[in-house]
Amino acid sequence: MRMKHLVIVLFFVLGLASCKQSKNNVVFDENADQMILYGFATPEAFQADPFVKWYTAEYSNYTPQEDVVSAIASLKESVNVLVVLGTWCGDSKREVPRFMKIMDDAGFSEKQITIIGVNRFKICPEANIHQGDVQLVPTFIISKNGKELGRIEETPLVTLEEDFLRIIGDE
């Protein structure tokens, strides 16, 4: 009987370990001819090569409008964001670090933000991103209580923080 429990515990521990490995996958994309982030990711993925240099530079150099970030912070309850990016894409390399800085400054938790890296075809079946779901990268899909409120696609209309505030403020 003890051996059976040990085997069950071992499978559970191995299962948890494999779940943790399913995030922050860096793979070679032949179409992009480079290593890309593919699938579910955490912000920590951007603290490693080959992403750290561009991510850190954009994050550090961006100064969000404080009054707009404060307004976002006051409305952030029950707001979630799906960030779909291509680490091969110049727009993603510029906008995602800036967006993450806004989220950090507004006090969003990691639980409120889901990050998914896609390939050059803008798909990632492992993360339920299929052809046609996302047309442009990056795409920030903003929802509240499970209902999509709006999207910021590729580049903001005004600024990321102003576009984001407009979307959550219109709700």
# chains A, B, ... in the order shown; residues from 1 in each chain; ligands from 1

$ residues_around --residues "Ser74 of chain A" --least-positions-apart "6" --cutoff "12 Å" --atoms "only C-alpha atoms" --output "tab-separated table (two decimals) with C-alpha atoms, in the first residue's frame"
chain	number	residue	atom	x	y	z
A	67	ASP	CA	-2.66	60.48	-14.21
A	68	VAL	CA	-3.86	57.95	-16.77
A	105	ASP	CA	2.64	50.83	-12.44
A	106	ALA	CA	-1.15	50.34	-12.20
A	107	GLY	CA	-0.70	47.41	-9.80
A	108	PHE	CA	-2.04	44.60	-11.96
A	165	LEU	CA	-8.28	53.46	-20.08
A	168	ILE	CA	-12.03	49.80	-19.44
A	169	GLY	CA	-13.66	53.17	-18.77

$ select_by_dssp --residues "segment 13-94 of chain A" --states "helix (DSSP H, G or I)" --output "JSON, numbers by chain"
{"A": [13, 14, 15, 16, 17, 18, 19, 20, 21, 43, 44, 45, 46, 47, 52, 53, 54, 55, 56, 57, 58, 59, 60, 61, 66, 67, 68, 69, 70, 71, 72, 73, 74, 75, 90, 91, 92, 93, 94]}

$ atom_distance --atom1 "atom CA of Asn80 of chain A" --atom2 "atom CA of Arg151 of chain A"
11.8 Å

$ residues_around --residues "Asp104 of chain A" --least-positions-apart "6" --cutoff "10 Å" --atoms "only C-alpha atoms" --output "JSON, numbers by chain"
{"A": [69, 73, 98, 110]}

$ write_last_selection --atoms "N, CA, C and O atoms" --output "mmCIF file, in the first residue's frame"
data_model
loop_
_atom_site.group_PDB
_atom_site.id
_atom_site.type_symbol
_atom_site.label_atom_id
_atom_site.label_comp_id
_atom_site.auth_asym_id
_atom_site.auth_seq_id
_atom_site.Cartn_x
_atom_site.Cartn_y
_atom_site.Cartn_z
ATOM 1 N N VAL A 69 -2.420 56.323 -15.656
ATOM 2 C CA VAL A 69 -2.126 55.072 -14.956
ATOM 3 C C VAL A 69 -2.890 55.018 -13.636
ATOM 4 O O VAL A 69 -3.426 53.967 -13.262
ATOM 5 N N ALA A 73 -5.553 52.211 -12.534
ATOM 6 C CA ALA A 73 -5.433 51.492 -11.258
ATOM 7 C C ALA A 73 -6.757 51.487 -10.501
ATOM 8 O O ALA A 73 -7.114 50.483 -9.870
ATOM 9 N N ARG A 98 6.358 48.239 -22.964
ATOM 10 C CA ARG A 98 5.669 49.457 -22.526
ATOM 11 C C ARG A 98 4.355 49.109 -21.824
ATOM 12 O O ARG A 98 4.026 49.678 -20.778
ATOM 13 N N GLU A 110 0.025 39.380 -11.643
ATOM 14 C CA GLU A 110 0.380 38.438 -12.711
ATOM 15 C C GLU A 110 -0.820 37.570 -13.083
ATOM 16 O O GLU A 110 -0.950 37.152 -14.231
#

$ closest_residue --among "A:Ala32, A:Val26, A:Ile115, A:Val96" --to "Ile152 of chain A" --atoms "only C-alpha atoms"
A:Val96

$ select_by_dssp --residues "segment 3-165 of chain A" --states "strand (DSSP E)" --output "ChimeraX atom specification"
/A:26-29,34-37,39-41,79-85,113-117,139-144,147-153

$ residues_around --residues "Thr87 of chain A" --least-positions-apart "4" --cutoff "8 Å" --atoms "only C-alpha atoms" --output "list in words"
Ile36, Leu37, Phe51, Ser92, Lys93 and Gly117 of chain A

$ atom_distance --atom1 "atom CA of Glu58 of chain A" --atom2 "atom CA of Leu85 of chain A"
15.0 Å

$ residues_around --residues "Asn31 of chain A" --least-positions-apart "5" --cutoff "10 Å" --atoms "only C-alpha atoms" --output "NGL selection string"
:A and (88 or 119-121)

$ write_last_selection --atoms "C-alpha atoms" --output "PDB file, in the first residue's frame"
ATOM      1  CA  TRP A  88      10.024  38.250 -33.923  1.00  0.00           C
ATOM      2  CA  ASN A 119       4.696  32.069 -34.518  1.00  0.00           C
ATOM      3  CA  ARG A 120       4.947  34.059 -37.770  1.00  0.00           C
ATOM      4  CA  PHE A 121       1.506  32.743 -38.786  1.00  0.00           C
TER       5      PHE A 121
END

$ closest_atom_pairs --of "segment 41-114 of chain A" --to "segment 139-148 of chain A" --cutoff "10 Å" --atoms "only C-alpha atoms" --output "Markdown table"
| residue | atom | partner | partner_atom | distance |
| --- | --- | --- | --- | --- |
| A:Lys76 | CA | A:Lys144 | CA | 9.0 |
| A:Glu77 | CA | A:Lys144 | CA | 8.3 |
| A:Ser78 | CA | A:Lys144 | CA | 5.4 |
| A:Val79 | CA | A:Lys144 | CA | 4.5 |
| A:Asn80 | CA | A:Ser143 | CA | 5.3 |
| A:Val81 | CA | A:Ile142 | CA | 4.6 |
| A:Leu82 | CA | A:Ile141 | CA | 5.0 |
| A:Val83 | CA | A:Phe140 | CA | 4.7 |
| A:Val84 | CA | A:Thr139 | CA | 5.2 |
| A:Leu85 | CA | A:Thr139 | CA | 6.6 |
| A:Gly86 | CA | A:Thr139 | CA | 9.6 |
| A:Ser92 | CA | A:Thr139 | CA | 8.6 |
| A:Glu95 | CA | A:Thr139 | CA | 9.6 |
| A:Val96 | CA | A:Phe140 | CA | 8.9 |
| A:Phe99 | CA | A:Phe140 | CA | 8.9 |
| A:Gln112 | CA | A:Ser143 | CA | 9.9 |
| A:Ile113 | CA | A:Ile142 | CA | 9.5 |
| A:Thr114 | CA | A:Ile141 | CA | 9.7 |

$ write_last_selection --atoms "C-alpha atoms" --output "CSV table (one decimal), in the first residue's frame"
chain,number,residue,atom,x,y,z
A,76,LYS,CA,-8.5,47.5,-12.6
A,77,GLU,CA,-10.8,45.2,-10.4
A,78,SER,CA,-12.0,42.2,-12.4
A,79,VAL,CA,-10.1,43.3,-15.5
A,80,ASN,CA,-7.9,40.7,-17.3
A,81,VAL,CA,-5.6,41.1,-20.3
A,82,LEU,CA,-4.6,38.5,-22.8
A,83,VAL,CA,-1.3,39.6,-24.5
A,84,VAL,CA,-0.6,37.9,-27.8
A,85,LEU,CA,2.8,38.8,-29.2
A,86,GLY,CA,5.4,37.7,-31.6
A,92,SER,CA,5.7,43.5,-30.2
A,95,GLU,CA,4.7,47.8,-27.3
A,96,VAL,CA,4.7,44.8,-25.0
A,99,PHE,CA,2.3,47.8,-21.8
A,112,GLN,CA,-4.7,39.3,-14.4
A,113,ILE,CA,-2.3,39.0,-17.3
A,114,THR,CA,-1.9,36.1,-19.7

$ residues_around --residues "Asp170 of chain A" --least-positions-apart "3" --cutoff "10 Å" --atoms "only C-alpha atoms" --output "PDB file with C-alpha atoms, in the first residue's frame"
ATOM      1  CA  LEU A 149     -14.339  44.826 -23.697  1.00  0.00           C
ATOM      2  CA  GLY A 150     -11.969  45.650 -26.528  1.00  0.00           C
ATOM      3  CA  LEU A 165      -8.275  53.460 -20.077  1.00  0.00           C
ATOM      4  CA  ARG A 166     -10.821  54.227 -22.809  1.00  0.00           C
ATOM      5  CA  ILE A 167     -11.604  50.524 -23.155  1.00  0.00           C
TER       6      ILE A 167
END

$ closest_residue --among "A:Asn25, A:Gln34, A:Gln47, A:Asn61" --to "Cys124 of chain A" --atoms "only C-alpha atoms"
A:Asn25

$ residues_around --residues "Leu136 of chain A" --least-positions-apart "6" --cutoff "8 Å" --atoms "only C-alpha atoms" --output "JSON, numbers by chain"
{"A": [122, 153, 154]}
